[in-house]
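Below is one structure, written out as structure tokens, with a few remarks after it.
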Amino acid sequence: MDANLFHPSDLCGIELSALVCRGHDIIARILYLSNGIPSCFRHDYTLHHCGVASVKEDEGKTVLSSLWNKISAKKSLKKMMRRQVASYSQSGAMMNGQVSTPHNSSIRSDTSTSDDKYKSILIDFAYLGDPEKYDSHYHMLQDEETEEQRRKKIRDQEHLENAFISEFENTLNEFHKLFSDVLNYYLDICSFADKLENSHYVQYTIGSLLHHGQGKQLLVETLYLYGSCLIAIEMYIPGTIRERLIIAKQRYCKNGNPSSEGVTPSNSQASTNNFEQLCKLFQRTEKKESIEEDMPIVPKHYLDRMKISPFLLEHVLHALMTHDIYPFQGIAFPSFQHHSARMSKQTSDLFVILQFEPQLMNQSDMMRQIVDRFLGDNWVIPLYNGELVDLSTEWREHLDALQALKNTFPESKIRSLDASNASQIMLWTDEIKRYVDQNMLTNLYVLEHSKRLFDCARNANVALRWRMLHRKSPLIIPSKKSSKGATSLCQIDEGDIIDLILVLSQFEARLKTCCVHLIRDKASFWDDFRRNSVSRMLQLSNHFLGKDSLASIDKNIGVGDWFSKMSLEIDALEFMNSVQDIQFCVDALADIGKLDQIDSNAQAKQIILETELDLLRMVKCEHFRDDIVAILESISDSGYGRTAIEFFVPILHSRSLRDPKSVGLLRPFFIKIASFLRKVEGSSAARGGDTSQAKSYHSTAMLAFAKTVLDVIPVSIFSTYAMIVNSNEKSLARLPPKINVDSLADHAFCDDRYKLAKLTFELSILTKGIIDMKETMIGDLKMHPQQLLEEGLRKELVRQISFAMHDHLQFSISSERSKKALRSRHQVFLDNLNLLARRMEGFRSAIIWLQDFLRIDGLDIYLQESTRVIWHSTNVEISTESKLCPLPASSAPIPHHPRTKDDPKSNTFMGRTLFTLTNMLDPKFVSYSRTLDGWFFRQSFETALDVKTVALISKSIGVQGIIAMEYLMSHKVSMELDSFYQFYDNALVNYGVMLEKFRDGVFPEWQVPKYGTTFYRSAVSKVTKLMVPLSTFFSRIGKLQLLRKMLRTELRLGSRINAEELLQTSLVTNGEILSLLLEEGENLVLDDRMRDLINASSQLQQALGEGNPISTQFTKSNALEGLPSLLTLFILHYAPVLSYDAHFQTLNGRDDESFDGWVVATGLGSVLRQFNPAYTKATFALLGQYVKCALEGLLTKSENEDYSSTLLDGKKAIYNVITFLKHIRDVCDLSPSILNDYIPQHIMEMLELLDE
């Protein structure tokens, strides 16, 4: 076993390896939890986003680039990799109190009032100065407040605390566990150091461990990871937020102390809940929590709060300064010119560990030694997560360290380094492009020129590394504060950097593939070369022995025998044990080639040269290193650029739009960027620990980054298709059936057809590039290019559909109440629906047309995503969690749109559409026609809303849109019914006694009341104030119910035309279920499967338009005493003033009244449907009683009464009552005989006699 590696049973190695793995996992949890800081904890923080590269528009792609710039304007300001939260800065006064948090859809991006409400109970470490003051809420009280006000405020605070605990208890426990784990990590490091000093590990001391190959790496990495944990917490969880989290946990979750995971000694377990140490470690630093340029990342005296053993630090720092901690880096970068790259990891370790003893950075001799050894040509170093540290800024408070840095990097050297790096980037970009474009990287070429190829990879990676690290350094690009008269030294463009990254990643991927093949099959290659050499020697032997019939030369038996013996010598060679013999054979061939007979024979010389070349290849096969792939991975490592690469995402997008072929370069690019994961995996595999959490987190982050980069492809696809559609519609006219030869040129449109062909070709190249990408493992996750393309396409389709519906379903409608305004609303509504219908048809045809290119089910994707958008809008409009409808599963986020000025009450386009529909149906001007199933203007008979309008709605938002609209209408009806019940309960307070007297006065219903019509007149006059609210309720409910009926009719017609088989299947299934229910009766036991079947059948029936929506029972309401009496008085109130419209076969109110007979009857009937059928019968009985009473009064008229002046007792009122009852009977699908049950046929005949 290698002496530089720990034995698997070595206790010291086990504990040290476990510490390293824990460090990786803790940092991953810090990055993960920092994305989920509740916004109430950062109410006084603003979010600082990092910048991104600007993209120059290409003239040939103006439309695509402009479109992408508009789309990504907001996206580009966010962290792309979803692995960290951006920097926070504390501000005393915030604009509108808004705070953004990227990368987490479950966290709102703005701080709402509900988040600010917890501000008063979230205290920092000021709480520790006087806990009683804050626990008793005295800090909220003011001197001028009364005792009652104070008690109320304290009660409110207690209720607020209870709400806070129920909402954030789990979050507080998660963060407390994180902070406790970091503290335990520190305590375990101290415990390990004590064990080393006390010789707990018999075979190891600190000195011997630092001379052990793997031991010194693990010990250094342990301290580095602990320092990285503290730095990450300071960067991503600012000090004030940490204090609020710790104090909130201490105050409200005292019983929820989660235990720490990992290898933790028993003496460390007792310190987990050491609150004092926790506060000391995580209290806010002196670092200003504000956005400033060139601000140090690590605050002074931050990492040395909790002291680490000075003896351990002294030995570790000495080892870092004198030893090569990572000797394998010396193999990867053997040249002195690459010294900084070879020592890069060790430099990062040294920078972090120096922070534990910051006073050492004030020792000039030591800092000069560090700068000379580690910082020969670079002054920017990467930390664990790719965050860059500029030492010219970081060492500003350490004058000796800063002076050593300035002495090493005068301005002239910086200029020279910048210019040299720019030329190196251009040089190696061209060189690597030559290898890639000419397909030079074959197995044979790599075998023969491996040194040259690896030197090329080294030089290119070193040049790329230097530029990525120093790209934003103030010494290269002066900051705003120090840029007075200063000019930037940067001599290279961001596009050149991306060029190098893409071609270099492609080059490294091909080189690695060849190396893998050579390592795996080098014995096979060696054997092929040996056989070829033997064959050539036998060929020469036969040639000189005269056995070659194709060539006639003088025989030379000696030479022929020599070549025959040489073939035997070569054939006897053994793999991996014949280098000296091969060299002997090569020398012998070189010597015999000097003979005159051979030297004069060109064919023989050529064969000898080829044999020598194969023999040398055999040597190279034997010497081909088994660890060459690991060397290449070390050379190509780009973990330093995990953060910096996000700057170039817009450039990658622009390049993909401009050059579709570049999409094929993205797969090796992702592999190169994910090289950081190899370090985490190495900690798990080579060191026996478990880093599953860290691997999972970073793999997910890299996969999210890949999705972000590939998001531009669906955008480009839709943009290109838009151009194709535009070209087809405007430039390329449809060809007529017959064309004269003379006019053939007029229909050619050669230029337009060339542009169309070019666009189609670019589209095919773009899609082929991503489809041809192979499945790639990124850490523990597999990247499926086809799946990523589909997800990106879904995301773009959702965005397009959502914006289209939001834009087109906005109706600038005047609030004026007139026929002219109503007609204007109708026209605006139709125009917007037509525009949306064309747009949606374009999306549908686009995705269907693209499905052959993308190898997906385009129509299915379109239906799923459009359904998601529509139902999401419906759910948001309803805003009731219990009534949310399930959405199809998809990861595509649905954009949120603000409310519009025209309709500030509606949340979404579904609400605006419904609001506009109901506003178009003003009963003052339009009437519902049951025969034509629509609303029409009364005098002109123009259409206000009919089946054609509903068909247009269906065409615009689809079948699922119609179903969702009906669902929303049902919700509105339910709300109106709830309001009606509340109104009725309130009315009973004042009118309950009167309704009871009315009910007693008309009892029994088969008998005419004692006081005749006078009794009715008196009762109606007492409830006049209730009539307008009741009319409004019934009108709203009836309007919505009739709209639901029209939507059901549209669905029913569509199902009979387009889904006949589904309809018949549904009808059969529904019939079978009903038969089963009737047969079993009360004995039927419904299991979950049967309930699901019934619910599914019911939903399918509704989707197919079956059933009468008027008969829907929305709520289970309690009995409303006196409701039939009130409804009777309502009808009697309006009966004398209504007029019958023969055209619409309905009752209309006066010109100054908003009364539509069919609508009000539908609303009233829907209310009755919510109760026992006895309510309906009672209402019919009371109205039938009135008809008999009024008719009796007409037949027995007295000379002293002027019946013509008594409207209530007139024939008009009787006819209107009967007509209204017929309306209720028809809309509610009641029995035709119900009217005759309470108004006998002879009563009808008597009315006819009165007419005569």
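In the structure tokens, chains take letters A, B, ... by order of appearance, with residues numbered from 1 within each chain and ligands from 1 in the order shown.
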Per-residue nearest contacts stretch 1153-1194 of chain A to stretch 1011-1014 of chain A, cut-off 9 Å, using only C-alpha atoms, as CSV:
residue,atom,partner,partner_atom,distance
A:Tyr1186,CA,A:Thr1013,CA,7.8
A:Cys1189,CA,A:Gly1012,CA,6.1
A:Ala1190,CA,A:Thr1013,CA,6.2
A:Glu1192,CA,A:Gly1012,CA,8.7
A:Gly1193,CA,A:Gly1012,CA,7.4
Any idea what's packed within 10 Å of A:Thr867, counting only C-alpha atoms, ignoring anything in its chain fewer than 4 positions away? Could you give it as a PyMOL selection string?
chain A and resi 798+861-863+871-873+887-888+957-961+964
List every residue of stretch 221-435 of chain A that DSSP, applied to the backbone, labels as helix (DSSP H, G or I), and write the result as an MDAnalysis selection string.
chainID A and resid 221:236 239:252 266:269 275:282 310:322 327:332 336:342 344:354 358:362 364:374 391:394 399:408 411:435
Please save C-alpha atoms of the selected residues as a compact mmCIF listing (two decimals), in the first residue's frame.
# COMPACT_ATOMS: atom_id res chain seq x y z
CA GLU A 221 -8.12 21.15 4.04
CA THR A 222 -9.87 20.77 7.39
CA LEU A 223 -8.71 24.20 8.53
CA TYR A 224 -9.41 25.63 5.08
CA LEU A 225 -12.95 24.28 5.05
CA TYR A 226 -13.65 25.62 8.54
CA GLY A 227 -12.47 29.06 7.45
CA SER A 228 -14.53 28.75 4.26
CA CYS A 229 -17.62 27.95 6.36
CA LEU A 230 -17.22 31.18 8.33
CA ILE A 231 -16.51 33.22 5.18
CA ALA A 232 -19.54 31.74 3.41
CA ILE A 233 -21.78 32.56 6.38
CA GLU A 234 -20.49 36.13 6.47
CA MET A 235 -21.07 36.54 2.72
CA TYR A 236 -24.46 34.91 2.38
CA GLY A 239 -24.41 39.53 10.66
CA THR A 240 -27.68 41.23 11.61
CA ILE A 241 -29.69 38.41 10.03
CA ARG A 242 -27.60 35.83 11.92
CA GLU A 243 -28.27 37.55 15.20
CA ARG A 244 -32.01 37.73 14.55
CA LEU A 245 -32.10 34.03 13.68
CA ILE A 246 -30.18 33.02 16.79
CA ILE A 247 -32.22 35.20 19.17
CA ALA A 248 -35.52 34.12 17.58
CA LYS A 249 -34.52 30.46 18.03
CA GLN A 250 -33.51 31.08 21.63
CA ARG A 251 -36.77 32.90 22.46
CA TYR A 252 -39.35 30.85 20.61
CA SER A 266 -18.55 12.93 23.19
CA ASN A 267 -16.84 15.95 24.73
CA SER A 268 -18.05 18.03 21.73
CA GLN A 269 -21.66 16.94 22.07
CA PHE A 275 -25.29 29.58 23.51
CA GLU A 276 -22.48 31.83 24.66
CA GLN A 277 -19.99 30.35 22.21
CA LEU A 278 -22.60 30.45 19.44
CA CYS A 279 -23.15 34.16 19.99
CA LYS A 280 -19.44 34.86 20.07
CA LEU A 281 -18.81 33.02 16.82
CA PHE A 282 -21.70 34.44 14.81
CA PRO A 310 -1.31 28.12 18.02
CA PHE A 311 0.93 25.07 17.91
CA LEU A 312 -1.23 23.52 15.18
CA LEU A 313 -1.42 26.74 13.19
CA GLU A 314 2.32 27.25 13.38
CA HIS A 315 3.08 23.82 11.98
CA VAL A 316 0.38 24.01 9.31
CA LEU A 317 1.52 27.45 8.10
CA HIS A 318 5.14 26.27 8.03
CA ALA A 319 4.11 23.24 5.97
CA LEU A 320 2.12 25.42 3.57
CA MET A 321 5.06 27.77 3.04
CA THR A 322 7.76 25.13 2.62
CA PRO A 327 2.37 17.14 -5.30
CA PHE A 328 0.11 15.92 -8.10
CA GLN A 329 -0.24 19.55 -9.18
CA GLY A 330 3.49 19.48 -9.88
CA ILE A 331 2.92 16.66 -12.37
CA ALA A 332 0.08 18.55 -14.01
CA PHE A 336 8.19 26.97 -13.83
CA GLN A 337 6.14 29.32 -16.02
CA HIS A 338 3.04 27.65 -14.60
CA HIS A 339 4.16 27.91 -10.99
CA SER A 340 1.17 30.04 -9.92
CA ALA A 341 -1.30 27.55 -11.39
CA ARG A 342 0.52 24.67 -9.69
CA SER A 344 -3.15 27.84 -6.76
CA LYS A 345 -4.95 25.48 -4.38
CA GLN A 346 -2.20 25.83 -1.80
CA THR A 347 -2.40 29.63 -2.15
CA SER A 348 -6.13 29.60 -1.36
CA ASP A 349 -5.48 27.39 1.66
CA LEU A 350 -2.76 29.74 2.88
CA PHE A 351 -4.92 32.84 2.46
CA VAL A 352 -7.77 31.40 4.53
CA ILE A 353 -5.60 29.86 7.25
CA LEU A 354 -3.67 33.12 7.64
CA PRO A 358 -4.11 37.99 11.11
CA GLN A 359 -1.19 39.57 13.00
CA LEU A 360 1.15 37.38 10.95
CA MET A 361 0.25 39.46 7.88
CA ASN A 362 2.04 42.39 9.51
CA SER A 364 7.10 41.99 6.32
CA ASP A 365 9.68 39.20 5.88
CA MET A 366 7.07 36.49 6.03
CA MET A 367 4.72 38.29 3.62
CA ARG A 368 7.54 38.92 1.12
CA GLN A 369 8.33 35.20 1.21
CA ILE A 370 4.64 34.31 0.65
CA VAL A 371 4.23 36.76 -2.22
CA ASP A 372 7.47 35.62 -3.91
CA ARG A 373 6.62 31.92 -3.59
CA PHE A 374 2.88 31.90 -4.30
CA LEU A 391 -5.44 40.78 -2.46
CA SER A 392 -4.84 44.40 -3.45
CA THR A 393 -8.18 45.09 -1.74
CA GLU A 394 -8.21 42.35 0.88
CA LEU A 399 0.27 47.39 5.38
CA ASP A 400 3.24 44.99 5.30
CA ALA A 401 1.34 42.48 3.20
CA LEU A 402 0.07 45.19 0.88
CA GLN A 403 3.55 46.66 0.49
CA ALA A 404 4.99 43.24 -0.41
CA LEU A 405 2.28 42.90 -3.03
CA LYS A 406 2.96 46.38 -4.47
CA ASN A 407 6.68 45.67 -4.68
CA THR A 408 5.97 42.54 -6.71
CA GLU A 411 2.21 49.10 -12.88
CA SER A 412 4.69 48.22 -15.59
CA LYS A 413 4.57 44.53 -14.65
CA ILE A 414 0.77 44.59 -14.56
CA ARG A 415 0.71 46.07 -18.06
CA SER A 416 3.16 43.45 -19.24
CA LEU A 417 1.17 40.59 -17.68
CA ASP A 418 -2.08 41.87 -19.18
CA ALA A 419 -0.61 42.27 -22.67
CA SER A 420 1.14 38.92 -22.51
CA ASN A 421 -2.04 37.17 -21.39
CA ALA A 422 -4.07 38.78 -24.18
CA SER A 423 -1.61 37.56 -26.80
CA GLN A 424 -1.51 34.10 -25.18
CA ILE A 425 -5.29 33.82 -25.32
CA MET A 426 -5.41 34.70 -29.01
CA LEU A 427 -2.46 32.41 -29.80
CA TRP A 428 -3.79 29.33 -28.04
CA THR A 429 -7.34 29.92 -29.22
CA ASP A 430 -6.13 29.74 -32.83
CA GLU A 431 -3.92 26.75 -32.09
CA ILE A 432 -6.70 24.78 -30.41
CA LYS A 433 -9.18 25.70 -33.15
CA ARG A 434 -6.76 24.18 -35.65
CA TYR A 435 -6.72 20.89 -33.74
Å distance separating atom CA of A:Val20 from atom CA of A:Leu218, one decimal place
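Taking atom CA of A:Val20 as the start and atom CA of A:Leu218 as the end point, the length is 6.7 Å.
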Please report, as a list in words, each residue of stretch 159-395 of chain A to which DSSP assigns strand (DSSP E) when run on this structure's backbone.
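Result set for stretch 159-395 of chain A (strand (DSSP E)): Val380, Ile381, Pro382, Leu388, Val389 and Asp390 of chain A.
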If you keep N, CA and C atoms, can you produce a file of those selected residues as a PDB file, in the first residue's frame?
ATOM      1  N   VAL A 380      -5.044  37.711  -7.555  1.00  0.00           N
ATOM      2  CA  VAL A 380      -6.443  37.372  -7.293  1.00  0.00           C
ATOM      3  C   VAL A 380      -6.529  35.864  -7.133  1.00  0.00           C
ATOM      4  N   ILE A 381      -7.132  35.423  -6.037  1.00  0.00           N
ATOM      5  CA  ILE A 381      -7.219  33.987  -5.764  1.00  0.00           C
ATOM      6  C   ILE A 381      -8.685  33.611  -5.550  1.00  0.00           C
ATOM      7  N   PRO A 382      -9.055  32.377  -5.907  1.00  0.00           N
ATOM      8  CA  PRO A 382     -10.449  31.931  -5.704  1.00  0.00           C
ATOM      9  C   PRO A 382     -10.615  31.258  -4.356  1.00  0.00           C
ATOM     10  N   LEU A 388     -14.061  35.359  -5.794  1.00  0.00           N
ATOM     11  CA  LEU A 388     -12.704  35.819  -6.043  1.00  0.00           C
ATOM     12  C   LEU A 388     -12.278  36.832  -4.985  1.00  0.00           C
ATOM     13  N   VAL A 389     -11.037  36.698  -4.542  1.00  0.00           N
ATOM     14  CA  VAL A 389     -10.463  37.597  -3.540  1.00  0.00           C
ATOM     15  C   VAL A 389      -9.319  38.354  -4.195  1.00  0.00           C
ATOM     16  N   ASP A 390      -9.466  39.665  -4.275  1.00  0.00           N
ATOM     17  CA  ASP A 390      -8.413  40.526  -4.810  1.00  0.00           C
ATOM     18  C   ASP A 390      -7.545  40.976  -3.642  1.00  0.00           C
TER      19      ASP A 390
END
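Among the candidates A:Gly1054, A:Pro893, A:Gly386, A:Gly842, the one nearest to A:Gly792 when counting only C-alpha atoms is A:Pro893.
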Env of stretch 439-443 of chain A: 7 Å cut, atoms = only C-alpha atoms, seq-sep filter 6 positions within chain, self excluded. Answer as JSON, numbers by chain.
{"A": [510, 511, 514, 518]}
